[in-house]
>>> print(open('run-v3.cif').read())   # mmCIF, C-alpha atoms
data_model
loop_
_atom_site.label_atom_id
_atom_site.label_comp_id
_atom_site.auth_asym_id
_atom_site.auth_seq_id
_atom_site.Cartn_x
_atom_site.Cartn_y
_atom_site.Cartn_z
CA MET W 537 86.49 124.06 86.86
CA LEU W 538 87.44 126.35 89.68
CA THR W 539 90.97 127.60 89.96
CA PRO W 540 92.46 127.60 93.46
CA ARG W 541 91.79 130.67 95.49
CA ARG W 542 94.07 132.14 98.08
CA SER W 543 93.63 130.26 101.33
CA PRO W 544 91.46 132.17 103.82
CA LEU W 545 93.15 130.49 106.78
CA ARG W 546 95.35 132.50 109.09
CA LEU W 547 97.84 130.02 110.47
CA ASP W 548 99.35 130.15 113.92
CA ARG W 549 102.56 132.17 113.69
CA THR W 550 104.50 129.35 115.36
CA LEU W 551 104.19 127.34 112.13
CA PHE W 552 106.37 129.92 110.40
CA GLN W 553 109.12 130.07 113.02
CA ALA W 554 112.41 128.36 112.16
CA ARG W 555 113.74 126.20 114.99
CA SER W 556 117.34 125.05 114.98
CA ALA W 557 116.58 121.72 116.69
CA GLU W 558 113.91 120.83 114.12
CA SER W 559 116.14 121.85 111.24
CA ALA W 560 118.99 119.72 112.61
CA LEU W 561 116.70 116.70 112.90
CA VAL W 562 115.41 117.08 109.34
CA ILE W 563 118.93 117.56 107.96
CA GLY W 564 120.03 114.48 109.90
CA TYR W 565 117.09 112.51 108.53
CA ALA W 566 117.89 113.53 104.94
CA LEU W 567 121.57 112.67 105.36
CA ALA W 568 120.68 109.29 106.87
CA LEU W 569 118.30 108.56 103.99
CA TYR W 570 121.20 109.24 101.62
CA LEU W 571 124.29 107.93 103.38
CA LEU W 572 123.02 104.82 105.20
CA PRO W 573 121.70 102.93 102.15
CA LEU W 574 124.69 104.15 100.12
CA GLY W 575 127.08 102.84 102.76
CA LEU W 576 125.17 99.56 102.99
CA PHE W 577 125.37 99.17 99.22
CA VAL W 578 129.13 99.71 99.27
CA TRP W 579 129.55 97.29 102.17
CA LEU W 580 127.48 94.54 100.56
CA ALA W 581 128.37 95.01 96.89
CA GLY W 582 131.64 96.95 96.77
CA GLY W 583 134.13 94.98 94.68
CA ALA W 584 131.58 92.17 94.21
CA SER W 585 130.16 90.71 91.02
CA ALA W 586 127.78 92.60 88.76
CA SER W 587 124.94 90.27 89.76
CA ARG W 588 125.43 91.08 93.45
CA MET W 589 125.50 94.80 92.71
CA LEU W 590 122.25 94.42 90.79
CA LEU W 591 120.74 92.54 93.72
CA CYS W 592 121.70 95.40 96.05
CA SER W 593 120.61 98.16 93.66
CA PRO W 594 117.26 98.86 95.46
CA LEU W 595 119.38 100.46 98.18
CA LEU W 596 120.39 103.10 95.64
CA LEU W 597 116.73 103.99 95.05
CA VAL W 598 116.49 105.05 98.69
CA ALA W 599 119.89 106.75 98.58
CA GLY W 600 118.80 108.64 95.47
CA TYR W 601 115.76 110.01 97.25
CA GLY W 602 118.03 111.02 100.13
CA LEU W 603 120.31 112.82 97.70
CA PHE W 604 117.29 114.52 96.12
CA LEU W 605 116.30 115.67 99.61
CA GLN W 606 119.56 117.60 99.88
CA GLY W 607 118.27 119.80 97.06
CA ILE W 608 114.96 120.22 98.90
CA LEU W 609 116.86 121.36 101.98
CA GLY W 610 118.69 123.90 99.83
CA HIS W 611 115.31 125.17 98.72
CA GLU W 612 114.19 125.42 102.36
CA GLY W 613 117.38 127.25 103.29
CA MET W 614 116.85 129.85 100.60
CA HIS W 615 113.27 130.32 101.82
CA PHE W 616 114.90 131.13 105.20
CA ASN W 617 113.16 128.16 106.81
CA LEU W 618 116.24 126.52 108.37
CA SER W 619 117.29 129.34 110.71
CA ARG W 620 115.85 132.54 112.10
CA THR W 621 118.82 134.40 110.61
CA PRO W 622 118.24 134.55 106.82
CA LEU W 623 121.92 134.46 105.88
CA HIS W 624 122.59 131.49 108.18
CA SER W 625 119.60 129.66 106.70
CA ALA W 626 120.78 130.32 103.15
CA CYS W 627 124.36 129.22 103.92
CA LEU W 628 123.12 126.03 105.54
CA GLY W 629 120.93 125.34 102.52
CA VAL W 630 123.88 125.90 100.19
CA LEU W 631 126.13 123.61 102.24
CA VAL W 632 123.80 120.60 102.24
CA SER W 633 122.40 121.03 98.72
CA ALA W 634 125.92 121.07 97.25
CA LEU W 635 126.03 117.36 98.11
CA LEU W 636 123.96 117.06 94.93
CA PRO W 637 126.64 117.43 92.22
CA GLY W 638 125.97 120.26 89.79
CA PHE W 639 122.99 121.73 91.64
CA CYS W 640 123.63 125.36 92.55
CA VAL W 641 120.75 126.45 94.73
CA THR W 642 121.73 130.14 94.63
CA GLY W 643 121.17 130.37 90.88
CA TYR W 644 118.09 128.17 91.18
CA PHE W 645 116.48 130.52 93.64
CA VAL W 646 116.76 133.50 91.28
CA ASP W 647 114.23 131.66 89.12
CA HIS W 648 112.33 130.22 92.07
CA TRP W 649 111.68 133.62 93.59
CA GLN W 650 109.95 134.65 90.36
CA HIS W 651 108.22 131.28 90.14
CA HIS W 652 106.41 132.04 93.39
CA ARG W 653 105.46 135.53 92.25
CA HIS W 654 104.17 134.45 88.82
CA SER W 655 103.35 130.76 89.25
CA ASN W 656 102.15 129.07 86.05
CA SER W 657 102.02 132.29 84.06
CA ASP W 658 104.02 133.56 81.09
CA LYS W 659 106.27 135.39 83.56
CA ASP W 660 107.11 132.19 85.46
CA PRO W 661 110.68 131.05 84.56
CA ASP W 662 109.78 127.45 85.43
CA TYR W 663 106.85 127.53 83.02
CA ARG W 664 109.03 128.89 80.22
CA LEU W 665 111.61 126.17 80.85
CA PHE W 666 109.52 123.07 81.53
CA CYS W 667 106.65 123.65 79.07
CA ARG W 668 109.08 123.04 76.18
CA TYR W 669 109.22 119.32 76.94
CA ARG W 670 106.06 117.46 76.05
CA GLY W 671 107.14 113.83 75.84
CA VAL W 672 108.08 111.63 78.76
CA LEU W 673 111.61 110.97 77.44
CA SER W 674 112.49 114.63 77.00
CA ARG W 675 110.91 115.47 80.36
CA ILE W 676 112.98 112.95 82.31
CA SER W 677 116.21 113.50 80.40
CA LEU W 678 116.49 117.04 79.03
CA SER W 679 114.37 119.19 81.32
CA ARG W 680 116.43 118.73 84.48
CA LEU W 681 119.73 118.81 82.60
CA MET W 682 118.90 122.18 81.04
CA ALA W 683 117.60 123.51 84.35
CA THR W 684 120.79 122.44 86.16
CA LEU W 685 122.96 124.18 83.56
CA ARG W 686 120.83 127.30 83.80
CA TYR W 687 121.22 127.45 87.59
CA LEU W 688 124.98 126.87 87.37
CA GLN W 689 125.36 129.70 84.86
CA ALA W 690 123.22 132.01 87.00
CA THR W 691 125.34 131.22 90.06
CA CYS W 692 128.56 132.00 88.17
CA ARG W 693 127.11 135.33 87.02
CA LEU W 694 126.13 136.20 90.58
CA ALA W 695 129.56 135.17 91.88
CA PHE W 696 131.78 136.94 89.36
CA GLY W 697 129.63 139.36 87.38
CA ALA W 698 128.67 142.92 88.20
CA LEU W 699 126.61 143.42 91.33
CA GLN W 700 122.96 143.43 90.35
CA GLN W 701 120.85 146.29 91.63
CA PRO W 702 118.22 145.72 92.79
CA SER W 703 119.28 142.37 94.24
CA PRO W 704 117.75 139.36 92.43
CA LEU W 705 117.08 137.74 95.83
CA PRO W 706 115.55 139.11 99.05
CA MET W 707 119.04 139.76 100.40
CA PRO W 708 121.59 142.56 99.92
CA ALA W 709 123.47 142.24 96.63
CA ARG W 710 126.85 141.75 98.34
CA GLN W 711 125.46 138.91 100.42
CA VAL W 712 124.09 137.30 97.26
CA ARG W 713 127.53 137.51 95.64
CA GLY W 714 129.19 135.95 98.70
CA LEU W 715 126.54 133.24 98.82
CA ALA W 716 127.08 132.39 95.14
CA ARG W 717 130.83 132.10 95.68
CA PHE W 718 130.25 129.93 98.74
CA ASN W 719 127.95 127.76 96.62
CA LEU W 720 130.66 127.18 94.01
CA PHE W 721 133.22 126.47 96.73
CA CYS W 722 130.93 123.88 98.32
CA GLN W 723 130.38 122.21 94.95
CA VAL W 724 134.14 121.87 94.43
CA ALA W 725 134.68 120.71 98.02
CA TRP W 726 132.03 117.99 97.97
CA LEU W 727 133.11 116.80 94.50
CA SER W 728 136.67 116.55 95.76
CA LEU W 729 135.57 114.48 98.76
CA TYR W 730 133.53 112.25 96.47
CA GLY W 731 136.57 111.78 94.25
CA ILE W 732 138.87 110.92 97.14
CA GLY W 733 136.34 108.49 98.56
CA ALA W 734 135.76 106.80 95.21
CA TRP W 735 139.53 106.38 94.78
CA TYR W 736 139.95 104.49 98.04
CA ILE W 737 136.61 102.70 98.53
CA ASP W 738 135.57 99.90 96.19
CA GLY W 739 132.05 100.31 94.87
CA LEU W 740 131.59 103.88 96.02
CA LEU W 741 131.83 105.34 92.53
CA ILE W 742 129.11 102.99 91.24
CA GLY W 743 126.99 103.71 94.29
CA LEU W 744 127.34 107.47 93.90
CA ALA W 745 126.56 107.26 90.19
CA GLY W 746 123.45 105.17 90.84
CA ALA W 747 122.18 107.47 93.59
CA LEU W 748 122.84 110.53 91.43
CA LEU W 749 120.93 108.99 88.52
CA VAL W 750 117.93 108.32 90.76
CA ALA W 751 118.07 111.85 92.21
CA PHE W 752 118.28 113.29 88.68
CA LEU W 753 115.22 111.34 87.51
CA VAL W 754 113.22 112.10 90.66
CA SER W 755 113.93 115.83 90.39
CA ALA W 756 113.02 115.84 86.69
CA ILE W 757 109.71 114.08 87.27
CA ASN W 758 109.01 116.13 90.39
CA ALA W 759 108.54 119.36 88.44
CA TYR W 760 105.74 117.78 86.40
CA GLN W 761 104.20 116.01 89.38
CA GLU W 762 103.85 119.42 91.02
CA HIS W 763 102.70 121.54 88.08
CA ALA W 764 101.47 119.45 85.11
CA PHE W 765 97.70 119.06 84.79
CA SER W 766 95.21 117.66 82.33
CA ALA W 767 93.79 120.03 79.73
CA GLU W 768 90.49 120.51 81.58
CA HIS W 769 92.21 122.09 84.57
CA PRO W 770 93.02 125.78 83.91
CA ALA W 771 96.59 126.12 85.20
CA PRO W 772 96.22 125.92 88.97
CA PRO W 773 99.36 126.92 90.88
CA ALA W 774 100.41 123.46 92.09
CA ARG W 775 99.45 119.94 93.14
CA SER W 776 99.90 118.22 96.50
CA ARG W 777 100.74 114.51 96.79
CA THR W 778 99.36 113.08 99.99
CA ALA W 779 100.63 109.48 100.11
CA ARG W 780 102.50 108.70 103.31
CA LEU W 781 105.42 107.31 101.31
CA SER W 782 105.68 110.64 99.48
CA THR W 783 105.84 112.46 102.80
CA TRP W 784 108.62 110.19 104.09
CA LEU W 785 110.69 110.50 100.92
CA HIS W 786 110.08 114.22 100.38
CA ALA W 787 110.10 115.33 104.04
CA GLY W 788 106.74 117.06 103.57
CA SER W 789 107.70 119.03 100.45
CA ASN W 790 105.23 116.84 98.51
CA TYR W 791 102.53 119.18 99.84
CA HIS W 792 103.49 121.63 97.15
CA LEU W 793 100.25 123.59 96.92
CA GLU W 794 100.49 124.28 100.64
CA HIS W 795 104.03 125.50 100.02
CA HIS W 796 102.78 127.96 97.40
CA LEU W 797 100.12 129.21 99.79
CA TYR W 798 102.52 129.46 102.74
CA PRO W 799 106.14 129.51 101.48
CA GLY W 800 107.38 130.63 104.89
CA VAL W 801 106.29 127.36 106.55
CA PRO W 802 109.09 124.75 106.68
CA CYS W 803 108.30 121.76 104.48
CA TRP W 804 108.13 119.28 107.38
CA ARG W 805 105.18 121.23 108.83
CA LEU W 806 103.20 121.33 105.58
CA PRO W 807 101.28 118.10 106.38
CA GLN W 808 99.86 119.94 109.41
CA VAL W 809 98.85 122.85 107.17
CA HIS W 810 97.22 120.39 104.76
CA ARG W 811 95.12 118.87 107.56
CA GLN W 812 93.90 122.32 108.55
CA LEU W 813 92.87 123.10 104.97
CA LEU W 814 90.97 119.80 104.78
CA GLU W 815 89.21 120.47 108.09
CA HIS W 816 88.07 123.89 106.86
CA GLY W 817 86.75 122.47 103.57
CA TRP W 818 89.18 124.36 101.36
CA TYR W 819 89.71 121.33 99.13
CA ASP W 820 86.04 120.31 98.88
CA ASP W 821 85.58 121.57 95.31
CA GLN W 822 89.27 121.24 94.32
CA ARG W 823 90.03 117.54 94.70
CA HIS W 824 91.88 117.53 91.36
CA LEU W 825 94.65 119.38 93.18
CA LEU W 826 95.38 116.28 95.26
CA GLU W 827 97.10 113.04 94.26
CA THR W 828 96.62 110.34 96.87
CA SER W 829 98.73 107.58 95.30
CA PHE W 830 102.52 107.58 95.37
CA PHE W 831 102.87 105.54 92.18
CA SER W 832 100.03 107.18 90.22
CA ALA W 833 101.78 110.53 90.64
CA PHE W 834 104.43 109.42 88.15
CA ARG W 835 101.91 109.59 85.31
CA TYR W 836 102.15 113.39 85.31
CA ALA W 837 105.53 113.09 83.60
CA SER W 838 103.75 112.00 80.42
CA GLY W 839 102.75 114.41 77.68
CA ARG W 840 99.07 113.90 78.44
CA HIS W 841 99.49 116.31 81.33
CA ARG W 842 100.53 119.76 80.22
CA TYR W 843 102.78 122.17 82.02
CA SER W 844 100.53 125.03 80.99
CA ALA W 845 100.17 128.68 81.83
CA LYS W 846 97.38 131.07 82.69
CA HIS W 847 97.36 134.28 80.70
#
>>> encode(input="run-v3.cif", output="structure tokens")
Amino acid sequence: MLTPRRSPLRLDRTLFQARSAESALVIGYALALYLLPLGLFVWLAGGASASRMLLCSPLLLVAGYGLFLQGILGHEGMHFNLSRTPLHSACLGVLVSALLPGFCVTGYFVDHWQHHRHSNSDKDPDYRLFCRYRGVLSRISLSRLMATLRYLQATCRLAFGALQQPSPLPMPARQVRGLARFNLFCQVAWLSLYGIGAWYIDGLLIGLAGALLVAFLVSAINAYQEHAFSAEHPAPPARSRTARLSTWLHAGSNYHLEHHLYPGVPCWRLPQVHRQLLEHGWYDDQRHLLETSFFSAFRYASGRHRYSAKH
């Protein structure tokens, strides 16, 4: 089987340009996907019987995907895709991603920067972390928990430890320290607002817990949907999921192979990049890198699909 080659396409430079209006629309979309179904759940089921809450629980599936999207926006911010000013983009990414309790995008990106440089190799921090888990239960329960703790610890080290030289991120070391401290502040601030809201609003605590559980499971499975392959495929860099529902729920970040090829393109423009690759025949002999079904993509969380490395 062929391994993916670097794309020969030279994209129009406008695809790489961050635009504030687009970023605002995508952030608004992600917030609406999170807050509207959560609010509707609280309105319909808050203080009601357990059976009514169960009946309204599908709303929390949508809210959970919206909460997961906050983490995706943090990822985009740290790729400097939300604003033309890198520090502004990173701060915006930190602010919105802190809505996801426990997720510290600053520490995450220390690993993610290396993940892009050494994707699916022994030097890839994601490979070293996620390849340990080979059964579906450990993948959906332990992998994301351990990753979240790792990113929190890394953020604390960046915030309060010695300045690292050279900087672990493509920013000056002092900016990285300030960003890590801002990340921890945002975590505390959002958790405090959640706590105050849950104290005064019936059903909000259950709704938040349900949405967080969905976001946790989606993010755990997502890593394997993007990078776990059957044994006959020699560790390609990533997979793209092309179902329209995936695009709506992931805001375009489901085109993960395109992201690896062009990390400077905002995720909501990746479907356009994907169409260009298809038109130029780049995928003709690499169809195993595409998953066309939203529901079939969940099978990659099973141990039959390895999170393997090239050597």
>>> resolve_selection(input="run-v3.cif", expression="the PyMOL selection byres ((chain W and resi 603) around 12)", output="VMD selection string")
chain W and resid 563 565 to 574 596 to 602 604 to 610 632 to 637 639 743 to 755 785 to 786
>>> resolve_selection(input="run-v3.cif", expression="the PyMOL selection byres ((chain W and resi 685-693) around 10)", output="CSV table (one decimal) with C-alpha atoms, keeping the file's coordinate frame")
chain,number,residue,atom,x,y,z
W,638,GLY,CA,126.0,120.3,89.8
W,639,PHE,CA,123.0,121.7,91.6
W,640,CYS,CA,123.6,125.4,92.6
W,641,VAL,CA,120.8,126.4,94.7
W,642,THR,CA,121.7,130.1,94.6
W,643,GLY,CA,121.2,130.4,90.9
W,644,TYR,CA,118.1,128.2,91.2
W,645,PHE,CA,116.5,130.5,93.6
W,646,VAL,CA,116.8,133.5,91.3
W,647,ASP,CA,114.2,131.7,89.1
W,665,LEU,CA,111.6,126.2,80.8
W,680,ARG,CA,116.4,118.7,84.5
W,681,LEU,CA,119.7,118.8,82.6
W,682,MET,CA,118.9,122.2,81.0
W,683,ALA,CA,117.6,123.5,84.4
W,684,THR,CA,120.8,122.4,86.2
W,694,LEU,CA,126.1,136.2,90.6
W,695,ALA,CA,129.6,135.2,91.9
W,696,PHE,CA,131.8,136.9,89.4
W,697,GLY,CA,129.6,139.4,87.4
W,698,ALA,CA,128.7,142.9,88.2
W,699,LEU,CA,126.6,143.4,91.3
W,700,GLN,CA,123.0,143.4,90.4
W,712,VAL,CA,124.1,137.3,97.3
W,713,ARG,CA,127.5,137.5,95.6
W,715,LEU,CA,126.5,133.2,98.8
W,716,ALA,CA,127.1,132.4,95.1
W,717,ARG,CA,130.8,132.1,95.7
W,719,ASN,CA,128.0,127.8,96.6
W,720,LEU,CA,130.7,127.2,94.0
>>> resolve_selection(input="run-v3.cif", expression="the PyMOL selection byres ((chain W and resi 827) around 7)", output="list in words")
Ser776, Arg777, Thr778, Leu825, Leu826, Thr828, Ser829 and Ala833 of chain W
>>> closest_residue(input="run-v3.cif", among="W:Leu705, W:Pro773, W:Ser838, W:Gln723", to="Pro622 in chain W", atoms="all atoms listed in the file")
W:Leu705
>>> residues_around(input="run-v3.cif", residues="Glu612 in chain W", least_positions_apart="2", cutoff="9 Å", atoms="only C-alpha atoms", output="ChimeraX atom specification")
/W:607-610,614-618,625-626,629,800,802-803
>>> closest_residue(input="run-v3.cif", among="W:Ser832, W:Ser655, W:Ser728, W:Gln761", to="Leu797 in chain W", atoms="all atoms listed in the file")
W:Ser655
>>> atom_distance(input="run-v3.cif", atom1="CA of His652 in chain W", atom2="CA of Thr550 in chain W")
22.2 Å
>>> atom_distance(input="run-v3.cif", atom1="CA of Tyr836 in chain W", atom2="CA of Arg775 in chain W")
10.6 Å
>>> axis_aligned_box(input="run-v3.cif", around="range 679-697 of chain W", padding_each_side="3 Å", output="AutoDock Vina command-line options")
--center_x 123.1 --center_y 129.0 --center_z 86.5 --size_x 23.4 --size_y 26.6 --size_z 16.8
>>> closest_residue(input="run-v3.cif", among="W:Ala586, W:Ala774, W:Leu547, W:Ile757", to="His651 in chain W", atoms="only C-alpha atoms")
W:Ala774
>>> atom_distance(input="run-v3.cif", atom1="CA of Asp548 in chain W", atom2="CA of Val809 in chain W")
10.0 Å
>>> closest_residue(input="run-v3.cif", among="W:Trp818, W:Cys627, W:Ala756, W:Leu793", to="Ser679 in chain W", atoms="only C-alpha atoms")
W:Ala756
>>> closest_residue(input="run-v3.cif", among="W:His611, W:Ser556, W:His816, W:Tyr730", to="Ser789 in chain W", atoms="all atoms listed in the file")
W:His611
